[in-house]
$ cat start.tsv   # TSV, C-alpha atoms
chain	number	residue	atom	x	y	z
A	1382	MET	CA	-17.58	-15.69	29.65
A	1383	ALA	CA	-17.53	-18.76	27.43
A	1384	ALA	CA	-21.07	-17.99	26.26
A	1385	ALA	CA	-20.11	-14.39	25.50
A	1386	MET	CA	-17.05	-15.53	23.55
A	1387	GLY	CA	-19.12	-18.05	21.62
A	1388	GLY	CA	-21.70	-15.42	20.72
A	1389	SER	CA	-18.98	-12.96	19.66
A	1390	PHE	CA	-17.27	-15.64	17.54
A	1391	LEU	CA	-20.54	-16.48	15.76
A	1392	ALA	CA	-21.21	-12.77	15.22
A	1393	GLY	CA	-17.74	-12.47	13.70
A	1394	VAL	CA	-18.39	-15.44	11.41
A	1395	VAL	CA	-21.65	-13.92	10.18
A	1396	ALA	CA	-20.02	-10.51	9.71
A	1397	GLY	CA	-17.06	-12.04	7.88
A	1398	TYR	CA	-19.24	-13.92	5.42
A	1399	ALA	CA	-21.47	-10.87	4.95
A	1400	ILE	CA	-18.51	-8.73	3.89
A	1401	ALA	CA	-16.76	-11.44	1.85
A	1402	ILE	CA	-19.52	-13.21	-0.08
A	1403	PRO	CA	-20.98	-10.35	-2.17
A	1404	VAL	CA	-19.32	-10.55	-5.58
A	1405	GLY	CA	-16.91	-7.67	-6.09
A	1406	ALA	CA	-13.64	-6.89	-7.79
A	1407	ILE	CA	-11.54	-8.74	-5.21
A	1408	ALA	CA	-13.64	-11.91	-5.56
A	1409	VAL	CA	-13.27	-11.81	-9.34
A	1410	LEU	CA	-9.53	-11.29	-9.02
A	1411	ILE	CA	-9.15	-14.26	-6.67
A	1412	VAL	CA	-11.00	-16.54	-9.08
A	1413	GLU	CA	-8.92	-15.15	-11.93
A	1414	GLN	CA	-5.69	-15.93	-10.07
A	1415	GLY	CA	-6.79	-19.51	-9.56
A	1416	LEU	CA	-8.02	-19.77	-13.14
A	1417	ARG	CA	-4.82	-18.55	-14.75
A	1418	ARG	CA	-2.18	-19.74	-12.27
A	1419	GLY	CA	-3.64	-22.54	-10.17
A	1420	PHE	CA	-4.71	-23.03	-6.57
A	1421	ARG	CA	-1.55	-21.77	-4.87
A	1422	ALA	CA	-1.82	-18.38	-6.52
A	1423	GLY	CA	-5.56	-18.14	-5.81
A	1424	PHE	CA	-5.02	-19.26	-2.22
A	1425	ALA	CA	-2.36	-16.59	-1.68
A	1426	ALA	CA	-4.68	-13.95	-3.11
A	1427	GLY	CA	-7.56	-15.08	-0.89
A	1428	ALA	CA	-5.32	-15.16	2.18
A	1429	GLY	CA	-4.32	-11.56	1.49
A	1430	ALA	CA	-7.94	-10.44	1.18
A	1431	ALA	CA	-8.89	-12.28	4.38
A	1432	THR	CA	-5.95	-10.71	6.22
A	1433	ALA	CA	-7.18	-7.25	5.27
A	1434	ASP	CA	-10.70	-8.10	6.47
A	1435	GLY	CA	-9.25	-9.38	9.75
A	1436	LEU	CA	-7.14	-6.25	10.20
A	1437	TYR	CA	-10.15	-4.01	9.62
A	1438	ALA	CA	-12.24	-6.08	12.04
A	1439	ALA	CA	-9.50	-5.66	14.65
A	1440	LEU	CA	-9.31	-1.92	14.00
A	1441	ALA	CA	-13.05	-1.60	14.39
A	1442	MET	CA	-12.91	-3.53	17.66
A	1443	VAL	CA	-10.14	-1.38	19.09
A	1444	ALA	CA	-11.22	2.05	17.85
A	1445	GLY	CA	-13.94	1.64	15.27
A	1446	VAL	CA	-15.63	5.02	15.65
A	1447	ALA	CA	-12.36	6.95	15.73
A	1448	VAL	CA	-10.95	5.07	12.71
A	1449	SER	CA	-14.16	5.58	10.73
A	1450	ALA	CA	-14.05	9.31	11.45
A	1451	ALA	CA	-10.39	9.49	10.46
A	1452	LEU	CA	-11.00	7.67	7.17
A	1453	ALA	CA	-14.08	9.69	6.19
A	1454	PRO	CA	-12.16	12.73	4.83
A	1455	ILE	CA	-9.93	10.55	2.64
A	1456	GLU	CA	-12.58	8.10	1.47
A	1457	THR	CA	-12.86	9.75	-1.95
A	1458	PRO	CA	-9.08	9.74	-2.66
A	1459	LEU	CA	-8.88	6.12	-1.53
A	1460	ARG	CA	-11.77	5.20	-3.81
A	1461	LEU	CA	-10.10	6.94	-6.76
A	1462	ILE	CA	-6.81	5.16	-6.07
A	1463	ALA	CA	-8.65	1.84	-5.82
A	1464	GLY	CA	-10.41	2.48	-9.14
A	1465	LEU	CA	-7.18	3.36	-10.92
A	1466	VAL	CA	-5.40	0.33	-9.45
A	1467	LEU	CA	-8.21	-1.94	-10.63
A	1468	LEU	CA	-8.08	-0.42	-14.11
A	1469	GLY	CA	-4.36	-1.11	-14.19
A	1470	ILE	CA	-4.93	-4.70	-13.08
A	1471	ALA	CA	-7.59	-5.21	-15.76
A	1472	GLY	CA	-5.27	-3.88	-18.45
A	1473	ARG	CA	-2.39	-5.98	-17.18
A	1474	GLY	CA	-4.65	-9.04	-17.20
A	1475	ILE	CA	-5.51	-8.53	-20.85
A	1476	LEU	CA	-1.85	-8.07	-21.79
A	1477	SER	CA	-0.91	-11.21	-19.84
A	1478	LEU	CA	-3.56	-13.21	-21.66
A	1479	ILE	CA	-2.18	-12.04	-24.99
A	1480	ARG	CA	1.36	-13.04	-23.97
A	1481	ASP	CA	0.21	-16.36	-22.51
A	1482	ARG	CA	-1.32	-17.47	-25.80
A	1483	SER	CA	2.17	-18.27	-27.04
A	1484	ARG	CA	3.15	-20.19	-23.87
A	1485	PRO	CA	2.31	-23.72	-22.69
A	1486	SER	CA	-0.88	-23.70	-20.64
A	1487	ALA	CA	0.93	-24.86	-17.50
A	1488	ALA	CA	3.63	-22.20	-17.63
A	1489	LEU	CA	3.57	-19.75	-14.74
A	1490	ASP	CA	4.69	-16.16	-14.66
A	1491	PRO	CA	7.72	-15.80	-12.32
A	1492	SER	CA	5.98	-12.85	-10.67
A	1493	THR	CA	3.26	-15.11	-9.33
A	1494	ARG	CA	5.14	-16.19	-6.22
A	1495	GLY	CA	2.74	-16.67	-3.33
A	1496	TRP	CA	4.21	-14.03	-1.05
A	1497	THR	CA	4.08	-11.37	-3.77
A	1498	ILE	CA	0.44	-12.16	-4.52
A	1499	TYR	CA	-0.44	-12.21	-0.81
A	1500	VAL	CA	1.04	-8.75	-0.19
A	1501	ARG	CA	-0.57	-7.36	-3.35
A	1502	PHE	CA	-4.05	-8.55	-2.39
A	1503	THR	CA	-3.71	-7.45	1.22
A	1504	GLY	CA	-2.88	-3.94	0.05
A	1505	LEU	CA	-5.58	-3.88	-2.59
A	1506	THR	CA	-8.27	-4.97	-0.14
A	1507	LEU	CA	-7.08	-2.42	2.44
A	1508	LEU	CA	-7.89	0.32	-0.10
A	1509	ASN	CA	-11.56	-0.19	0.76
A	1510	PRO	CA	-12.30	1.93	3.88
A	1511	GLN	CA	-15.95	0.84	3.81
A	1512	THR	CA	-14.90	-2.42	5.45
A	1513	VAL	CA	-13.82	-0.83	8.72
A	1514	ILE	CA	-16.91	1.41	8.66
A	1515	TYR	CA	-19.06	-1.70	8.23
A	1516	PHE	CA	-17.44	-3.46	11.19
A	1517	ALA	CA	-17.60	-0.31	13.33
A	1518	ALA	CA	-21.32	0.09	12.62
A	1519	LEU	CA	-21.88	-3.55	13.55
A	1520	ILE	CA	-20.02	-3.12	16.82
A	1521	LEU	CA	-22.02	0.01	17.68
A	1522	GLY	CA	-25.24	-1.89	17.00
A	1523	LEU	CA	-24.17	-4.96	18.99
A	1524	PRO	CA	-22.02	-3.64	21.86
A	1525	GLN	CA	-22.08	-7.00	23.64
A	1526	ILE	CA	-19.73	-8.53	21.06
A	1527	GLY	CA	-16.93	-6.27	22.31
A	1528	ALA	CA	-17.78	-6.32	25.99
A	1529	ASP	CA	-14.38	-7.74	27.06
A	1530	PRO	CA	-10.97	-8.51	25.46
A	1531	ALA	CA	-11.73	-12.21	25.00
A	1532	SER	CA	-14.96	-11.43	23.15
A	1533	ARG	CA	-13.13	-8.97	20.90
A	1534	VAL	CA	-10.54	-11.58	20.00
A	1535	ALA	CA	-13.31	-14.12	19.37
A	1536	PHE	CA	-15.15	-11.69	17.06
A	1537	VAL	CA	-12.03	-10.84	15.03
A	1538	SER	CA	-11.09	-14.53	14.79
A	1539	GLY	CA	-14.57	-15.44	13.54
A	1540	ALA	CA	-14.54	-12.64	10.95
A	1541	PHE	CA	-11.09	-13.62	9.68
A	1542	LEU	CA	-11.85	-17.37	9.48
A	1543	ALA	CA	-15.13	-16.75	7.67
A	1544	SER	CA	-13.51	-14.48	5.11
A	1545	PHE	CA	-10.56	-16.85	4.74
A	1546	SER	CA	-12.79	-19.88	4.14
A	1547	TRP	CA	-14.83	-18.07	1.49
A	1548	GLN	CA	-11.77	-16.72	-0.33
A	1549	THR	CA	-10.33	-20.27	-0.32
A	1550	VAL	CA	-13.51	-21.54	-1.98
A	1551	LEU	CA	-13.11	-18.88	-4.68
A	1552	ALA	CA	-9.48	-19.92	-5.21
A	1553	LEU	CA	-10.55	-23.55	-5.48
A	1554	VAL	CA	-13.22	-22.71	-8.06
A	1555	GLY	CA	-10.62	-20.94	-10.18
A	1556	ALA	CA	-8.10	-23.77	-9.74
A	1557	VAL	CA	-10.61	-26.44	-10.81
A	1558	ALA	CA	-11.34	-24.42	-13.94
A	1559	HIS	CA	-7.58	-24.02	-14.50
A	1560	ARG	CA	-7.11	-27.81	-14.54
A	1561	ARG	CA	-10.24	-28.94	-16.36
A	1562	LEU	CA	-11.11	-26.30	-18.91
A	1563	PRO	CA	-9.36	-26.17	-22.29
A	1564	PRO	CA	-6.82	-23.34	-22.68
A	1565	GLY	CA	-9.02	-21.45	-25.14
A	1566	PHE	CA	-11.96	-21.38	-22.75
A	1567	ARG	CA	-9.72	-20.31	-19.86
A	1568	THR	CA	-8.53	-17.44	-22.03
A	1569	VAL	CA	-12.11	-16.35	-22.69
A	1570	LEU	CA	-12.97	-16.51	-18.99
A	1571	GLY	CA	-9.80	-14.63	-18.10
A	1572	ALA	CA	-10.67	-11.90	-20.58
A	1573	LEU	CA	-14.22	-11.74	-19.20
A	1574	GLY	CA	-12.82	-11.42	-15.68
A	1575	SER	CA	-10.64	-8.50	-16.76
A	1576	VAL	CA	-13.64	-6.80	-18.33
A	1577	VAL	CA	-15.65	-7.28	-15.12
A	1578	ILE	CA	-12.79	-5.84	-13.07
A	1579	ALA	CA	-12.62	-2.84	-15.41
A	1580	GLY	CA	-16.37	-2.40	-14.90
A	1581	PHE	CA	-15.94	-2.36	-11.13
A	1582	ALA	CA	-13.12	0.16	-11.52
A	1583	ILE	CA	-15.26	2.47	-13.65
A	1584	ALA	CA	-18.15	2.17	-11.19
A	1585	ILE	CA	-15.80	3.17	-8.35
A	1586	LEU	CA	-14.35	6.10	-10.31
A	1587	VAL	CA	-17.72	7.56	-11.35
A	1588	GLY	CA	-19.40	6.84	-8.01
A	1589	PRO	CA	-20.68	9.57	-5.68
A	1590	ARG	CA	-17.98	12.01	-4.60
$ encode --input "start.tsv" --output "structure tokens"
Amino acid sequence: MAAAMGGSFLAGVVAGYAIAIPVGAIAVLIVEQGLRRGFRAGFAAGAGAATADGLYAALAMVAGVAVSAALAPIETPLRLIAGLVLLGIAGRGILSLIRDRSRPSAALDPSTRGWTIYVRFTGLTLLNPQTVIYFAALILGLPQIGADPASRVAFVSGAFLASFSWQTVLALVGAVAHRRLPPGFRTVLGALGSVVIAGFAIAILVGPR
């Protein structure tokens, strides 16, 4: 059983990194949080994204095929909602940068409390139904990773820890830039991040229906 759990944990780690590492809107947003507000904000954002990945991994383990089938009919509405939310975030980011130009570089927005950011990023990441479909497909292809309850727990734990570690790296990258880059350059990078997020949003909105 220990060997099976170890194999399932490693499979979860690989799956977690595979879903987390590709650069997407969430990754850009996590770096942006660290860049504009420091490590604590970026860490909270990354923890929220990792929580959503862990929840979807658990769903896939428990009822992956059924959940995938249930999400399929509403995939397009979810994608449209996600695109609109990302557009709103991009616009809000630009407005915040404009307001922040008149503030000291270390000043933080009161709305950036860790719990608020965590909940926001958990919800935003959960808008992507492709994650549970990805995990369900993996489980169907490798049935041994869910052969028993202990292996399922090991897989979900590995996926969550992998995603969490990667999101923490992204938060750290943003936080280092927050501390070391001059305010003007941080503003430019923040604006670029908002533009990239808007690009992701547009790509989601005009994607295949």
$ atom_distance --input "start.tsv" --atom1 "CA of Ser1532 in chain A" --atom2 "CA of Ala1441 in chain A"
13.3 Å
$ closest_residue --input "start.tsv" --among "A:Gly1555, A:Ser1546, A:Ala1438, A:Ala1399" --to "Gly1419 in chain A" --atoms "only C-alpha atoms"
A:Gly1555
$ closest_residue --input "start.tsv" --among "A:Thr1503, A:Ser1538, A:Ser1477, A:Ser1575" --to "Arg1418 in chain A" --atoms "all atoms listed in the file"
A:Ser1477
$ residues_around --input "start.tsv" --residues "Val1412 in chain A" --least-positions-apart "5" --cutoff "8 Å" --atoms "only C-alpha atoms" --output "ChimeraX atom specification"
/A:1423,1551-1556
$ atom_distance --input "start.tsv" --atom1 "CA of Ile1407 in chain A" --atom2 "CA of Gly1504 in chain A"
11.2 Å
$ closest_residue --input "start.tsv" --among "A:Leu1519, A:Ala1543, A:Ile1498, A:Leu1465" --to "Ala1582 in chain A" --atoms "all atoms listed in the file"
A:Leu1465
$ closest_residue --input "start.tsv" --among "A:Val1587, A:Ala1572, A:Ala1579, A:Val1534" --to "Leu1391 in chain A" --atoms "only C-alpha atoms"
A:Val1534
$ residues_around --input "start.tsv" --residues "Phe1536 in chain A" --least-positions-apart "6" --cutoff "9 Å" --atoms "all atoms listed in the file" --output "compact mmCIF listing (two decimals) with C-alpha atoms, keeping the file's coordinate frame"
# COMPACT_ATOMS: atom_id res chain seq x y z
CA MET A 1386 -17.05 -15.53 23.55
CA GLY A 1387 -19.12 -18.05 21.62
CA GLY A 1388 -21.70 -15.42 20.72
CA SER A 1389 -18.98 -12.96 19.66
CA PHE A 1390 -17.27 -15.64 17.54
CA LEU A 1391 -20.54 -16.48 15.76
CA ALA A 1392 -21.21 -12.77 15.22
CA GLY A 1393 -17.74 -12.47 13.70
CA VAL A 1394 -18.39 -15.44 11.41
CA ALA A 1396 -20.02 -10.51 9.71
CA ALA A 1438 -12.24 -6.08 12.04
CA ALA A 1439 -9.50 -5.66 14.65
CA MET A 1442 -12.91 -3.53 17.66
CA ILE A 1526 -19.73 -8.53 21.06
CA GLY A 1527 -16.93 -6.27 22.31
$ atom_distance --input "start.tsv" --atom1 "CA of Val1550 in chain A" --atom2 "CA of Ile1411 in chain A"
9.7 Å
$ closest_residue --input "start.tsv" --among "A:Tyr1398, A:Phe1516, A:Phe1420, A:Tyr1437" --to "Ser1544 in chain A" --atoms "all atoms listed in the file"
A:Tyr1398
$ residues_around --input "start.tsv" --residues "Gly1571 in chain A" --least-positions-apart "6" --cutoff "10 Å" --atoms "only C-alpha atoms" --output "PyMOL selection string"
chain A and resi 1409-1410+1412-1414+1416-1417+1471+1474-1475+1477-1478+1565+1577
$ residues_around --input "start.tsv" --residues "Arg1460 in chain A" --least-positions-apart "2" --cutoff "8 Å" --atoms "all atoms listed in the file" --output "list of chain:residue names"
A:Glu1456, A:Thr1457, A:Pro1458, A:Ile1462, A:Ala1463, A:Gly1464, A:Leu1508, A:Asn1509, A:Ile1585, A:Leu1586
